[in-house]
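Contents: one structure, followed by commentary.
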Amino acid sequence: MQPLFLVKLAGIPLFTFTTLVAAGFAAALIGGLPAWRRAGYTLGDALTIAAWMLALALVGGRIAHILYNLDYFRERPIQLVWFADGGLAFAGVAAGALLGLGLWCRRRGCAPRIALDLIAWPALVMASFAWLGAFMHGSQYGAPTESALGLDLRDNYGVILSRWPAPLWAAGWSALCALGMAIARRRVMAPGLFAMLTCVLYSGGIFLIDFARGDPSIYIWGLRLTQWLYLVACAALILSIGRISKPA
């Protein structure tokens, strides 16, 4: 159910996580390019912003993952830079991607709200594939459960237990959000509104799914750090949506 290797290329096995992330990147680029072109940007612009965001997201996500699992990596320092088999934390991924977006906007002279609208839908597609890759790899794994809804799954330490399939649910939720927002983006909206709605919808669902996760995290008053980030982001965005939507 969770193959670490998906295919072989010239006899070289490719990690499932890496292959799915690459496939997600391609799907996001192809699906998002028409909106970029309508906004007056080229394929080169889309590739450039993707490179900025992806590079910094990988670095940020890996650093955060290492901090979450510091004891593990102290004993296995050789694995610190093993990106190919997964191991990325959402908080670091989001921070790195936003930093990359900001740097690109500053360099290109693009309004951040417009750029956020353009990358919002492709980000959902990427998230769906990345969560599926996390499910296959065993990272961001679910908490043990005796429920009939549990599946025999391994974590990223190789321990197989009946667990909530949290990353699989997250992949499905991301795909549903992408489908819904693909319909919503046909409407004309104020700059930034599409990205805000996308973030609120996605964050609300993942906030609930996080209750089923069992991987290490920082907990504050019973909630994971990522859940607090979702709550703060949703609250701030809902207020911003109210101001944008208010008639002049």
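Residue numbering restarts at 1 for every chain of the structure tokens, chains are lettered A, B, ... in their displayed order, and ligands are numbered from 1 as they appear.
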Distance query range 173-186 of chain A at most 8 Å, only C-alpha atoms, self and fewer than 3 positions along chain excluded, as a ChimeraX atom specification: /A:121,124-125,127-128,169-170,194,198,201-202,205-206
Those residues you just picked out, can you put them in a file as a PDB file, in the first residue's frame with C-alpha atoms?
```pdb
ATOM      1  CA  TRP A 121      -4.807  27.012  -7.415  1.00  0.00           C
ATOM      2  CA  LEU A 124      -3.625  23.100  -4.111  1.00  0.00           C
ATOM      3  CA  VAL A 125      -2.650  20.701  -6.886  1.00  0.00           C
ATOM      4  CA  ALA A 127      -0.440  19.945  -2.020  1.00  0.00           C
ATOM      5  CA  SER A 128      -2.584  17.033  -3.152  1.00  0.00           C
ATOM      6  CA  TRP A 169      -7.394  12.416   3.809  1.00  0.00           C
ATOM      7  CA  ALA A 170      -5.310  15.564   3.364  1.00  0.00           C
ATOM      8  CA  PHE A 194      -9.252  34.247  -4.631  1.00  0.00           C
ATOM      9  CA  THR A 198      -8.417  29.243  -1.191  1.00  0.00           C
ATOM     10  CA  LEU A 201     -10.918  26.571   2.643  1.00  0.00           C
ATOM     11  CA  TYR A 202      -7.748  24.491   2.615  1.00  0.00           C
ATOM     12  CA  GLY A 205     -10.043  21.179   6.410  1.00  0.00           C
ATOM     13  CA  ILE A 206      -6.402  20.438   7.222  1.00  0.00           C
TER      14      ILE A 206
END
```
What lies within 12 Å of range 47-59 of chain A using only C-alpha atoms, ignoring chain neighbours under 4 positions off, as a compact mmCIF listing (two decimals) with C-alpha atoms, in the first residue's frame?
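That gives us around_27.txt:
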```txt
# COMPACT_ATOMS: atom_id res chain seq x y z
CA THR A 18 9.96 12.50 -5.27
CA VAL A 21 6.00 15.79 -6.12
CA ALA A 22 7.49 16.07 -9.62
CA GLY A 24 2.33 17.46 -8.96
CA PHE A 25 4.65 20.24 -10.10
CA ALA A 26 3.99 19.36 -13.75
CA ALA A 28 0.18 22.46 -11.31
CA LEU A 29 2.21 24.20 -14.01
CA ILE A 30 0.08 22.91 -16.87
CA GLY A 32 -2.15 27.09 -13.86
CA LEU A 33 -0.47 28.38 -17.01
CA TRP A 36 -0.81 33.26 -15.96
CA TYR A 41 2.80 36.60 -17.86
CA THR A 42 4.80 34.01 -19.80
CA LEU A 43 5.81 30.42 -19.26
CA ILE A 63 14.86 22.62 8.35
CA ALA A 64 11.52 22.59 10.19
CA HIS A 65 11.27 18.79 9.86
CA ILE A 66 14.75 18.38 11.31
CA LEU A 80 19.97 15.52 7.20
CA VAL A 81 20.06 16.30 3.48
CA TRP A 82 18.03 13.35 2.19
CA PHE A 83 15.25 15.23 0.42
CA ALA A 84 14.34 12.51 -2.06
CA GLY A 86 10.38 12.95 1.96
CA GLY A 87 10.51 14.55 5.37
CA LEU A 88 9.20 18.12 5.08
CA ALA A 89 7.26 20.14 7.66
CA PHE A 90 4.35 22.28 6.50
CA ALA A 91 5.28 25.34 8.56
CA GLY A 92 8.73 25.46 6.97
CA VAL A 93 7.39 24.74 3.49
CA ALA A 94 4.85 27.57 3.75
CA ALA A 95 7.38 30.05 5.15
CA GLY A 96 9.95 29.21 2.48
CA ALA A 97 7.43 29.37 -0.35
CA LEU A 98 6.10 32.76 0.79
CA LEU A 99 9.64 34.09 1.07
CA GLY A 100 10.35 32.92 -2.47
CA LEU A 101 7.14 34.53 -3.70
CA GLY A 102 7.99 37.82 -2.00
CA LEU A 103 11.49 37.87 -3.46
CA TRP A 104 10.15 37.17 -6.96
CA CYS A 105 7.48 39.88 -6.66
CA ARG A 106 10.08 42.40 -5.58
CA ARG A 107 12.40 41.45 -8.42
CA ARG A 108 9.63 41.35 -11.06
CA CYS A 110 4.47 42.30 -9.42
CA PRO A 112 1.88 40.32 -4.19
CA ALA A 115 0.87 36.75 -7.61
CA LEU A 116 -0.92 35.01 -4.73
CA LEU A 118 -2.03 33.11 -9.64
CA ILE A 119 -0.27 30.54 -7.46
CA PRO A 122 -1.51 25.40 -8.52
CA ALA A 123 -0.55 25.24 -4.82
CA MET A 126 0.89 20.49 -5.54
CA ALA A 130 2.69 16.09 -1.85
```
query: Can you tell me, as a PyMOL selection string, what residues are no more than 6 Å from Leu168 in chain A when counting only C-alpha atoms, ignoring any on the same chain fewer than 2 positions away?
result: chain A and resi 132+135+165-166+170-171
message: I need the residues of range 74-224 of chain A that end up classed as alpha helix (DSSP H) by DSSP on the backbone, written out as JSON, numbers by chain.
response: {"A": [74, 75, 90, 91, 92, 93, 94, 95, 96, 97, 98, 99, 100, 101, 102, 103, 104, 105, 106, 107, 108, 112, 113, 114, 115, 116, 117, 118, 119, 120, 121, 122, 123, 124, 125, 126, 127, 128, 129, 130, 131, 132, 133, 134, 135, 136, 137, 166, 167, 168, 169, 170, 171, 172, 173, 174, 175, 176, 177, 178, 179, 180, 181, 182, 183, 184, 193, 194, 195, 196, 197, 198, 199, 200, 201, 202, 203, 204, 205, 206, 207, 208, 209]}
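For Leu225 in chain A, the non-local neighbours within 12 Å, defined as residues at least 5 positions apart in the same chain or in other chains and counting only C-alpha atoms, are Ala64, Tyr68, Ala89, Phe90, Ala91, Gly92, Phe207, Asp210, Phe211, Pro216, Ser217, Ile218, Tyr219, Ile220, Tyr230, Leu231 and Val232 of chain A.
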I need the residues from that last selection saved to file as a CSV table (one decimal), in the first residue's frame (with N, CA and C atoms), if you can.
```csv
chain,number,residue,atom,x,y,z
A,64,ALA,N,12.6,22.7,9.2
A,64,ALA,CA,11.5,22.6,10.2
A,64,ALA,C,11.3,21.1,10.6
A,68,TYR,N,11.8,19.4,14.3
A,68,TYR,CA,10.7,18.6,14.9
A,68,TYR,C,11.3,17.2,15.4
A,89,ALA,N,8.3,19.6,6.7
A,89,ALA,CA,7.3,20.1,7.7
A,89,ALA,C,6.5,21.3,7.0
A,90,PHE,N,5.2,21.3,7.2
A,90,PHE,CA,4.4,22.3,6.5
A,90,PHE,C,4.7,23.7,6.9
A,91,ALA,N,5.0,24.0,8.1
A,91,ALA,CA,5.3,25.3,8.6
A,91,ALA,C,6.5,25.9,7.8
A,92,GLY,N,7.5,25.0,7.7
A,92,GLY,CA,8.7,25.5,7.0
A,92,GLY,C,8.5,25.6,5.5
A,207,PHE,N,-6.9,21.7,9.3
A,207,PHE,CA,-6.9,21.9,10.7
A,207,PHE,C,-7.6,20.7,11.4
A,210,ASP,N,-5.6,17.4,11.1
A,210,ASP,CA,-4.4,17.3,11.9
A,210,ASP,C,-4.7,16.7,13.3
A,211,PHE,N,-6.0,16.6,13.7
A,211,PHE,CA,-6.3,16.0,15.0
A,211,PHE,C,-6.0,14.5,14.9
A,216,PRO,N,5.6,13.6,15.3
A,216,PRO,CA,6.0,14.6,16.3
A,216,PRO,C,5.7,16.0,15.9
A,217,SER,N,5.4,16.8,16.9
A,217,SER,CA,5.1,18.2,16.6
A,217,SER,C,5.3,19.0,17.9
A,218,ILE,N,5.3,20.3,17.8
A,218,ILE,CA,5.2,21.1,19.0
A,218,ILE,C,3.7,21.4,19.3
A,219,TYR,N,3.4,21.1,20.6
A,219,TYR,CA,2.0,21.3,21.0
A,219,TYR,C,1.9,22.4,22.0
A,220,ILE,N,0.8,23.2,21.7
A,220,ILE,CA,0.5,24.4,22.6
A,220,ILE,C,-1.0,24.3,22.9
A,230,TYR,N,-2.8,27.6,11.2
A,230,TYR,CA,-4.1,27.6,10.5
A,230,TYR,C,-5.1,28.5,11.1
A,231,LEU,N,-5.3,28.4,12.4
A,231,LEU,CA,-6.3,29.3,13.1
A,231,LEU,C,-6.0,30.8,12.9
A,232,VAL,N,-4.7,31.1,13.1
A,232,VAL,CA,-4.3,32.5,13.0
A,232,VAL,C,-4.5,33.0,11.6
```
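For the atom pair formed by CA of Gly109 in chain A and CA of Leu229 in chain A, the distance is 28.4 Å, given to one decimal.
Taking only range 59-215 of chain A, the residues that DSSP calls strand (DSSP E or B) from the backbone come to Gly142, Pro144, Leu151, Asp152, Leu153, Arg154, Ile160, Leu161, Ser162, Arg163 and Arg213 of chain A.
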Please save C-alpha atoms of the selected residues as a PDB file, in the first residue's frame.
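After the write, part.pdb holds the following:
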```pdb
ATOM      1  CA  GLY A 142      -1.654   9.216  11.443  1.00  0.00           C
ATOM      2  CA  PRO A 144      -2.700   4.730  16.089  1.00  0.00           C
ATOM      3  CA  LEU A 151      -5.392   1.151   7.976  1.00  0.00           C
ATOM      4  CA  ASP A 152      -2.252  -0.888   8.592  1.00  0.00           C
ATOM      5  CA  LEU A 153       0.319   1.788   7.757  1.00  0.00           C
ATOM      6  CA  ARG A 154       3.959   2.416   8.609  1.00  0.00           C
ATOM      7  CA  ILE A 160       3.476  -0.674  11.098  1.00  0.00           C
ATOM      8  CA  LEU A 161       0.304  -0.111  13.130  1.00  0.00           C
ATOM      9  CA  SER A 162      -3.377   0.459  12.506  1.00  0.00           C
ATOM     10  CA  ARG A 163      -3.428   4.226  11.956  1.00  0.00           C
ATOM     11  CA  ARG A 213      -1.993  12.903  12.987  1.00  0.00           C
TER      12      ARG A 213
END
```
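If you look at CA of Met136 in chain A and CA of Val200 in chain A, they are 26.5 Å away from each other.
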task: For CA of Met189 in chain A and CA of Asp45 in chain A, quote the distance in Å rounded to one decimal.
output: 22.4 Å
